[in-house]
Amino acid sequence: NYSRTKKPSSALPQNLGAGTDLRTVEIARGPNDALGISIAGGKGSPLGDVPIFIAMIQANGMAARTQKLKVGDRIVSINGQSLNGLSHADVVNLLKNAYGSIILQVVADTNISAIASQLESKSSTPNLNPISDIQSDDPEAAEPKTIVLEKGPDGLGFSIVGGYGSPHGDLPIYVKTVFSKGAAAEDGRLKRGDQILAVNGESFEGITHEQAVTILKHQKGTVKLTVLS
């Protein structure tokens, strides 16, 4: 239905252009929070040129916490930017790089909901799966890397966020800020949002924020970080 854009409005689903059905949903996302939605559609997607829509919502993501989004919702705009004519990859990048207050305009669309339910039944066959997860820490997209820093007078030069029992829930430890001075800035590889898996071989899995701070403070000289970008 969506392969040609110049169609009379009567050929579109009734609620596609109905402003009354448009809902504005605000998602608060920290630098290390997973958005927790998967999208499908977009110009040139495997489904054809269908609008971008929510294909899955992960229960532990920030989107689910709003309790205002549903599978099958069509995303009309992100932070005021219309998604009309954008490719699937364009929208994935938009969402992956959206932090802070994210304003989504969505509309419930019966035609899209039908496609979404078809997708759910197909998702067990990955080769046919046209869905993209929007994660800041997609484990399939990145391999852990080792960054070796020399801790000098300016320290390691970065701050962290997250940890077990953090205000946002039980999260991994992430890099919050890389300061302009310090070992991390000199090295240049550590980035905001990197997940720290281990320091000098000591695993950061399941530790609290305070424990992570203590471990980092006590490091001297050569510090080997295992991170996931």
# chains A, B, ... in the order shown; residues from 1 in each chain; ligands from 1
$ residues_around --residues "Ile215 of chain A" --least-positions-apart "4" --cutoff "8 Å" --atoms "only C-alpha atoms" --output "list in words"
Val199, Gln211 and Gln219 of chain A
$ residues_around --residues "Leu156 of chain A" --least-positions-apart "3" --cutoff "12 Å" --atoms "only C-alpha atoms" --output "PyMOL selection string"
chain A and resi 147-153+159-160+175+177-188+190+199+213+215-225
$ select_by_dssp --residues "segment 52-225 of chain A" --states "helix (DSSP H, G or I)" --output "MDAnalysis selection string"
chainID A and resid 62:66 88:96 110:122 126:128 183:187 209:217
$ closest_residue --among "A:Thr208, A:Ser38, A:Asn200, A:Ser45" --to "Gly165 of chain A" --atoms "only C-alpha atoms"
A:Thr208
